[in-house]
Each structure stands twice: as structure tokens, then as C-alpha cells.
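So this block is final.cif, mmCIF, C-alpha atoms:
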data_target
#
loop_
_atom_site.label_atom_id
_atom_site.label_comp_id
_atom_site.auth_asym_id
_atom_site.auth_seq_id
_atom_site.Cartn_x
_atom_site.Cartn_y
_atom_site.Cartn_z
CA MET C 29 40.86 48.72 -42.60
CA PRO C 30 43.59 46.94 -40.61
CA THR C 31 42.93 43.24 -40.06
CA LEU C 32 42.91 43.50 -36.27
CA VAL C 33 40.27 46.24 -36.44
CA SER C 34 38.19 44.09 -38.81
CA ALA C 35 38.44 41.13 -36.43
CA LEU C 36 37.41 43.20 -33.42
CA LEU C 37 34.55 44.82 -35.34
CA SER C 38 33.27 41.43 -36.49
CA ILE C 39 33.39 40.12 -32.91
CA ALA C 40 31.59 43.19 -31.55
CA ILE C 41 28.88 42.85 -34.19
CA SER C 42 28.44 39.16 -33.35
CA VAL C 43 28.05 39.98 -29.65
CA SER C 44 25.45 42.60 -30.57
CA ALA C 45 23.67 39.97 -32.64
CA GLN C 46 23.50 37.64 -29.62
CA PHE C 47 21.86 40.29 -27.47
CA CYS C 48 19.40 41.18 -30.23
CA LEU C 49 18.45 37.53 -30.57
CA LYS C 50 18.07 37.19 -26.79
CA THR C 51 15.87 40.29 -26.65
CA GLY C 52 13.71 39.02 -29.49
CA MET C 53 13.37 35.51 -28.12
CA SER C 54 12.40 36.92 -24.71
CA SER C 55 9.62 39.09 -26.13
CA PRO C 56 5.98 38.17 -25.41
CA GLY C 57 5.09 37.77 -29.10
CA VAL C 58 7.89 35.31 -29.76
CA LYS C 59 7.18 33.38 -26.57
CA GLU C 60 3.57 33.08 -27.71
CA ALA C 61 4.67 31.91 -31.16
CA MET C 62 7.06 29.36 -29.62
CA ALA C 63 4.22 27.94 -27.52
CA GLN C 64 2.45 26.86 -30.72
CA ALA C 65 3.00 23.53 -32.39
CA PRO C 66 5.79 23.68 -34.99
CA SER C 67 4.30 25.30 -38.06
CA LEU C 68 4.91 27.97 -40.65
CA SER C 69 2.93 30.37 -38.46
CA MET C 70 5.27 29.68 -35.53
CA VAL C 71 8.39 30.19 -37.67
CA LEU C 72 7.03 33.43 -39.11
CA GLY C 73 6.10 34.61 -35.62
CA VAL C 74 9.73 34.25 -34.59
CA LEU C 75 11.44 35.44 -37.78
CA THR C 76 9.32 38.57 -38.13
CA ASN C 77 10.30 39.85 -34.70
CA ARG C 78 12.45 42.92 -35.33
CA TYR C 79 15.09 41.92 -32.79
CA VAL C 80 15.39 38.37 -34.10
CA LEU C 81 15.56 39.65 -37.65
CA GLY C 82 18.06 42.32 -36.61
CA GLY C 83 20.19 39.70 -34.88
CA PHE C 84 20.34 37.63 -38.07
CA VAL C 85 21.22 40.72 -40.12
CA LEU C 86 24.01 41.58 -37.68
CA TYR C 87 25.34 38.02 -37.84
CA GLY C 88 25.40 38.28 -41.63
CA LEU C 89 27.26 41.58 -41.50
CA GLY C 90 29.73 40.24 -38.94
CA SER C 91 30.33 37.18 -41.11
CA MET C 92 31.07 39.31 -44.16
CA ILE C 93 33.62 41.29 -42.18
CA TRP C 94 35.06 38.04 -40.77
CA LEU C 95 35.70 36.84 -44.32
CA THR C 96 38.12 39.75 -44.79
CA VAL C 97 39.98 38.59 -41.67
CA LEU C 98 40.19 35.01 -42.93
CA ALA C 99 41.54 36.26 -46.25
CA LYS C 100 44.53 37.84 -44.48
CA TRP C 101 45.23 35.74 -41.38
CA ASP C 102 45.72 32.04 -40.72
CA VAL C 103 42.68 30.41 -39.16
CA SER C 104 44.90 29.29 -36.27
CA LYS C 105 45.52 32.96 -35.50
CA SER C 106 42.12 34.44 -36.32
CA TYR C 107 39.75 31.93 -34.76
CA PRO C 108 41.08 32.27 -31.20
CA MET C 109 40.23 35.98 -31.48
CA VAL C 110 36.60 34.87 -31.34
CA GLY C 111 37.32 34.13 -27.67
CA LEU C 112 37.27 37.87 -27.07
CA GLY C 113 33.55 37.69 -27.77
CA PHE C 114 33.17 35.80 -24.48
CA ILE C 115 34.72 38.72 -22.63
CA LEU C 116 32.64 41.33 -24.41
CA THR C 117 29.49 39.28 -23.85
CA LEU C 118 30.28 39.01 -20.16
CA VAL C 119 30.75 42.78 -19.85
CA VAL C 120 27.65 43.70 -21.84
CA GLY C 121 25.64 41.05 -20.00
CA HIS C 122 26.71 42.54 -16.66
CA PHE C 123 25.47 45.98 -17.70
CA MET C 124 22.22 44.45 -18.89
CA GLY C 125 21.57 42.90 -15.50
CA GLU C 126 22.71 39.34 -16.16
CA GLN C 127 24.33 37.32 -13.40
CA VAL C 128 28.13 37.51 -13.61
CA THR C 129 29.71 35.16 -11.08
CA PRO C 130 33.37 34.90 -10.03
CA THR C 131 33.55 31.56 -11.86
CA ARG C 132 32.40 33.19 -15.10
CA ILE C 133 34.93 35.97 -14.64
CA ALA C 134 37.70 33.41 -14.04
CA GLY C 135 36.69 31.52 -17.18
CA ALA C 136 36.71 34.72 -19.21
CA LEU C 137 40.18 35.58 -17.90
CA LEU C 138 41.43 32.13 -18.91
CA ILE C 139 40.05 32.70 -22.40
CA CYS C 140 41.80 36.09 -22.56
CA SER C 141 45.06 34.48 -21.51
CA GLY C 142 44.78 31.95 -24.31
CA VAL C 143 43.94 34.62 -26.87
CA PHE C 144 46.93 36.66 -25.72
CA LEU C 145 49.31 33.69 -26.04
CA ILE C 146 48.05 32.79 -29.49
CA GLY C 147 48.22 36.41 -30.62
CA ARG C 148 51.89 36.58 -29.64
CA SER C 149 52.79 33.51 -31.69
#
As C-alpha cells, the full file:
Amino acid sequence: MPTLVSALLSIAISVSAQFCLKTGMSSPGVKEAMAQAPSLSMVLGVLTNRYVLGGFVLYGLGSMIWLTVLAKWDVSKSYPMVGLGFILTLVVGHFMGEQVTPTRIAGALLICSGVFLIGRS
């Protein structure tokens, strides 16, 4: 798989992981578990939520793919690509009903500009 495709896939998987974690942490069962005093029961209540668990699995998968990127590209080139995750998160968040303000859009565009400049170097 070409390195650019691996980088983009890893970023997309990481964004998916964030939304899985958000969904899990917003669920009634996890909120109830988080209301308890810190304990093994509370930790298990969070970690056994399918969305939280799925988010961690996706992060693991994305990390494994990211290792293939790091093996082929300089960190100074690869790491700024992670900035594209901000853009993808903004877009997905918009479609999931999150508030997307002009300031957030401007920030995302600045990130894209930086990623573009680094990618051309």
C-alpha cells in the first residue's frame, strides 16, 4: 500500500476511534459508572462498553498502520499529516450534529495550509 494511503487510512481510523469513544462515554451506562467513586467496578463499567472498547481497538489498528508510515517517511513529514485528522473530525462532527463555528472552520483551514506546505517540502 502506498505510504500516503497508509497515512490517510491511519488518520481516518483514528478519527473513527474518537467518535466511538465519544459515543461510548456519552452512553447512560458509562455515565452511571463514571458517577461512582473510582474503583475496579467503575473502570470495568467504562471499558466494557462496546463503543469505548471499539474506540480502543480502532486506535490500536490505526497505530499499527501508522508504524508503516513512520518506517518510510521522516517524522517531520509524517506527523503534520495528523493535522488532517482535525479537518476530518470537523466534517464528521458537523454531520453528527456538533457545533461547527466559523472560527473552527478558520482554524481547520490554517491547519490544512500548514499540512500542504509541509507536504510540498
**Asked** So how far away is atom CA of Val97 of chain C from atom CA of Val80 of chain C, in Å?
**Response**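 Result for atom CA of Val80 of chain C versus atom CA of Val97 of chain C: 25.7 Å, one decimal.
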**Request:** Could you tell me how far atom CA of Met109 of chain C lies from atom CA of Gly52 of chain C, in Å and to one decimal?
**Result:**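 Computed distance, atom CA of Met109 of chain C to atom CA of Gly52 of chain C, equals 26.8 Å.
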**Within-6 Å shell of (8.5, 30.5, -32.8) in input frame, only C-alpha atoms, as a ChimeraX atom specification** = /C:58,61-62,70-71,73-74
**Message:** Could you tell me how far atom CA of Arg148 of chain C sits from atom CA of Gly90 of chain C, in Å to one decimal place?
**Reply:** 24.3 Å
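Those residues returned by the PyMOL selection byres ((chain C and resi 131-145) around 8) for this file are Pro108, Met109, Gly111, Leu112, Phe114, Ile115, Leu118, Val128, Thr129, Pro130, Ile146, Gly147, Arg148 and Ser149 of chain C.
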**Message:** At a cut-off of 8 Å, using only C-alpha atoms, what residues contact segment 93-95 of chain C? Leave out same-chain residues fewer than 2 positions from it and give the result as a list in words.
**Reply:**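 Residues near the query, excluding close chain neighbours: Ser34, Ala35, Leu37, Ser38, Leu89, Gly90, Ser91, Val97, Leu98 and Ala99 of chain C.
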**Selected residue of minimal separation from Pro30 of chain C among C:Thr96, C:Met53, C:Ala63, C:Val119, counting only C-alpha atoms** = C:Thr96
**Asked** Could you write out as a PyMOL selection string the residues that the PyMOL selection byres ((chain C and resi 82) around 12) matches in the shown file?
**Response** chain C and resi 41-42+44-53+74-81+83-89
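Counting only C-alpha atoms, the residue from C:Met92, C:Leu68, C:Val103, C:Met124 that sits nearest to Ile39 of chain C is C:Met92.
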**Of the listed residues C:Gly57, C:Thr31, C:Phe123, C:Ala40, that which approaches Asp102 of chain C most closely, counting all atoms listed in the file** =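 The closest residue to Asp102 of chain C is C:Thr31.
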Just need segment 40-90 of chain C in a file, please: N, CA and C atoms, as an mmCIF file, in the first residue's frame.
data_model
loop_
_atom_site.group_PDB
_atom_site.id
_atom_site.type_symbol
_atom_site.label_atom_id
_atom_site.label_comp_id
_atom_site.auth_asym_id
_atom_site.auth_seq_id
_atom_site.Cartn_x
_atom_site.Cartn_y
_atom_site.Cartn_z
ATOM 1 N N ALA C 40 -7.900 8.366 9.277
ATOM 2 C CA ALA C 40 -9.346 8.124 9.237
ATOM 3 C C ALA C 40 -9.769 7.158 10.342
ATOM 4 N N ILE C 41 -8.958 6.149 10.583
ATOM 5 C CA ILE C 41 -9.278 5.191 11.645
ATOM 6 C C ILE C 41 -9.206 5.874 13.010
ATOM 7 N N SER C 42 -8.236 6.753 13.200
ATOM 8 C CA SER C 42 -8.119 7.475 14.470
ATOM 9 C C SER C 42 -9.307 8.401 14.710
ATOM 10 N N VAL C 43 -9.782 9.042 13.649
ATOM 11 C CA VAL C 43 -10.970 9.895 13.778
ATOM 12 C C VAL C 43 -12.179 9.036 14.146
ATOM 13 N N SER C 44 -12.304 7.888 13.510
ATOM 14 C CA SER C 44 -13.397 6.968 13.843
ATOM 15 C C SER C 44 -13.309 6.546 15.301
ATOM 16 N N ALA C 45 -12.095 6.310 15.772
ATOM 17 C CA ALA C 45 -11.895 5.925 17.167
ATOM 18 C C ALA C 45 -12.391 7.019 18.104
ATOM 19 N N GLN C 46 -12.107 8.276 17.775
ATOM 20 C CA GLN C 46 -12.568 9.387 18.615
ATOM 21 C C GLN C 46 -14.088 9.409 18.742
ATOM 22 N N PHE C 47 -14.768 9.215 17.626
ATOM 23 C CA PHE C 47 -16.233 9.254 17.665
ATOM 24 C C PHE C 47 -16.808 8.033 18.375
ATOM 25 N N CYS C 48 -16.145 6.892 18.274
ATOM 26 C CA CYS C 48 -16.576 5.725 19.046
ATOM 27 C C CYS C 48 -16.430 5.996 20.540
ATOM 28 N N LEU C 49 -15.274 6.551 20.920
ATOM 29 C CA LEU C 49 -15.055 6.859 22.330
ATOM 30 C C LEU C 49 -16.070 7.877 22.845
ATOM 31 N N LYS C 50 -16.360 8.896 22.044
ATOM 32 C CA LYS C 50 -17.345 9.907 22.434
ATOM 33 C C LYS C 50 -18.723 9.277 22.614
ATOM 34 N N THR C 51 -19.102 8.408 21.681
ATOM 35 C CA THR C 51 -20.400 7.733 21.774
ATOM 36 C C THR C 51 -20.466 6.887 23.036
ATOM 37 N N GLY C 52 -19.410 6.136 23.292
ATOM 38 C CA GLY C 52 -19.391 5.293 24.482
ATOM 39 C C GLY C 52 -19.432 6.089 25.761
ATOM 40 N N MET C 53 -18.637 7.156 25.830
ATOM 41 C CA MET C 53 -18.577 7.946 27.055
ATOM 42 C C MET C 53 -19.853 8.744 27.287
ATOM 43 N N SER C 54 -20.651 8.930 26.250
ATOM 44 C CA SER C 54 -21.925 9.649 26.381
ATOM 45 C C SER C 54 -23.087 8.721 26.704
ATOM 46 N N SER C 55 -22.843 7.419 26.708
ATOM 47 C CA SER C 55 -23.928 6.464 26.935
ATOM 48 C C SER C 55 -24.347 6.465 28.412
ATOM 49 N N PRO C 56 -25.614 6.154 28.670
ATOM 50 C CA PRO C 56 -26.108 6.159 30.057
ATOM 51 C C PRO C 56 -25.337 5.219 30.986
ATOM 52 N N GLY C 57 -24.985 4.039 30.508
ATOM 53 C CA GLY C 57 -24.272 3.080 31.354
ATOM 54 C C GLY C 57 -22.907 3.590 31.789
ATOM 55 N N VAL C 58 -22.194 4.226 30.870
ATOM 56 C CA VAL C 58 -20.871 4.747 31.202
ATOM 57 C C VAL C 58 -20.999 5.965 32.112
ATOM 58 N N LYS C 59 -21.985 6.804 31.841
ATOM 59 C CA LYS C 59 -22.188 7.960 32.727
ATOM 60 C C LYS C 59 -22.491 7.496 34.153
ATOM 61 N N GLU C 60 -23.269 6.442 34.260
ATOM 62 C CA GLU C 60 -23.584 5.887 35.583
ATOM 63 C C GLU C 60 -22.322 5.341 36.246
ATOM 64 N N ALA C 61 -21.503 4.623 35.462
ATOM 65 C CA ALA C 61 -20.254 4.084 36.007
ATOM 66 C C ALA C 61 -19.316 5.204 36.433
ATOM 67 N N MET C 62 -19.257 6.275 35.658
ATOM 68 C CA MET C 62 -18.361 7.397 35.970
ATOM 69 C C MET C 62 -18.823 8.169 37.208
ATOM 70 N N ALA C 63 -20.092 8.046 37.562
ATOM 71 C CA ALA C 63 -20.613 8.733 38.743
ATOM 72 C C ALA C 63 -20.182 8.036 40.032
ATOM 73 N N GLN C 64 -19.687 6.801 39.909
ATOM 74 C CA GLN C 64 -19.240 6.049 41.082
ATOM 75 C C GLN C 64 -17.868 6.561 41.533
ATOM 76 N N ALA C 65 -17.531 6.229 42.747
ATOM 77 C CA ALA C 65 -16.177 6.510 43.223
ATOM 78 C C ALA C 65 -15.205 5.662 42.406
ATOM 79 N N PRO C 66 -13.981 6.162 42.193
ATOM 80 C CA PRO C 66 -13.007 5.370 41.438
ATOM 81 C C PRO C 66 -12.831 3.979 42.041
ATOM 82 N N SER C 67 -13.059 2.978 41.204
ATOM 83 C CA SER C 67 -12.954 1.597 41.658
ATOM 84 C C SER C 67 -12.805 0.695 40.442
ATOM 85 N N LEU C 68 -12.533 -0.560 40.701
ATOM 86 C CA LEU C 68 -12.443 -1.533 39.620
ATOM 87 C C LEU C 68 -13.779 -1.653 38.906
ATOM 88 N N SER C 69 -14.860 -1.587 39.655
ATOM 89 C CA SER C 69 -16.208 -1.647 39.075
ATOM 90 C C SER C 69 -16.439 -0.491 38.104
ATOM 91 N N MET C 70 -15.978 0.700 38.479
ATOM 92 C CA MET C 70 -16.138 1.868 37.623
ATOM 93 C C MET C 70 -15.318 1.696 36.335
ATOM 94 N N VAL C 71 -14.087 1.250 36.470
ATOM 95 C CA VAL C 71 -13.222 1.048 35.303
ATOM 96 C C VAL C 71 -13.820 0.001 34.374
ATOM 97 N N LEU C 72 -14.288 -1.094 34.931
ATOM 98 C CA LEU C 72 -14.899 -2.149 34.115
ATOM 99 C C LEU C 72 -16.180 -1.660 33.449
ATOM 100 N N GLY C 73 -16.933 -0.814 34.153
ATOM 101 C CA GLY C 73 -18.148 -0.255 33.568
ATOM 102 C C GLY C 73 -17.863 0.578 32.333
ATOM 103 N N VAL C 74 -16.728 1.248 32.326
ATOM 104 C CA VAL C 74 -16.333 2.052 31.166
ATOM 105 C C VAL C 74 -15.730 1.161 30.082
ATOM 106 N N LEU C 75 -14.762 0.339 30.463
ATOM 107 C CA LEU C 75 -14.015 -0.446 29.471
ATOM 108 C C LEU C 75 -14.831 -1.544 28.806
ATOM 109 N N THR C 76 -15.935 -1.957 29.412
ATOM 110 C CA THR C 76 -16.750 -2.995 28.787
ATOM 111 C C THR C 76 -17.823 -2.429 27.870
ATOM 112 N N ASN C 77 -17.913 -1.114 27.784
ATOM 113 C CA ASN C 77 -18.840 -0.513 26.831
ATOM 114 C C ASN C 77 -18.331 -0.806 25.418
ATOM 115 N N ARG C 78 -19.191 -1.287 24.550
ATOM 116 C CA ARG C 78 -18.745 -1.705 23.220
ATOM 117 C C ARG C 78 -18.156 -0.561 22.399
ATOM 118 N N TYR C 79 -18.648 0.644 22.579
ATOM 119 C CA TYR C 79 -18.105 1.769 21.818
ATOM 120 C C TYR C 79 -16.739 2.196 22.353
ATOM 121 N N VAL C 80 -16.591 2.198 23.659
ATOM 122 C CA VAL C 80 -15.291 2.530 24.248
ATOM 123 C C VAL C 80 -14.271 1.470 23.841
ATOM 124 N N LEU C 81 -14.651 0.221 23.987
ATOM 125 C CA LEU C 81 -13.761 -0.872 23.599
ATOM 126 C C LEU C 81 -13.429 -0.796 22.103
ATOM 127 N N GLY C 82 -14.447 -0.545 21.299
ATOM 128 C CA GLY C 82 -14.229 -0.409 19.851
ATOM 129 C C GLY C 82 -13.309 0.754 19.516
ATOM 130 N N GLY C 83 -13.442 1.855 20.246
ATOM 131 C CA GLY C 83 -12.569 3.003 20.033
ATOM 132 C C GLY C 83 -11.120 2.651 20.315
ATOM 133 N N PHE C 84 -10.881 1.911 21.404
ATOM 134 C CA PHE C 84 -9.514 1.493 21.720
ATOM 135 C C PHE C 84 -8.961 0.532 20.663
ATOM 136 N N VAL C 85 -9.810 -0.367 20.186
ATOM 137 C CA VAL C 85 -9.372 -1.304 19.140
ATOM 138 C C VAL C 85 -9.013 -0.529 17.863
ATOM 139 N N LEU C 86 -9.852 0.435 17.505
ATOM 140 C CA LEU C 86 -9.551 1.240 16.324
ATOM 141 C C LEU C 86 -8.256 2.032 16.493
ATOM 142 N N TYR C 87 -8.030 2.598 17.669
ATOM 143 C CA TYR C 87 -6.776 3.302 17.919
ATOM 144 C C TYR C 87 -5.584 2.364 17.755
ATOM 145 N N GLY C 88 -5.713 1.155 18.254
ATOM 146 C CA GLY C 88 -4.635 0.171 18.095
ATOM 147 C C GLY C 88 -4.370 -0.134 16.634
ATOM 148 N N LEU C 89 -5.429 -0.351 15.874
ATOM 149 C CA LEU C 89 -5.287 -0.636 14.450
ATOM 150 C C LEU C 89 -4.659 0.551 13.724
ATOM 151 N N GLY C 90 -5.149 1.749 14.019
ATOM 152 C CA GLY C 90 -4.587 2.947 13.398
ATOM 153 C C GLY C 90 -3.120 3.120 13.731
#
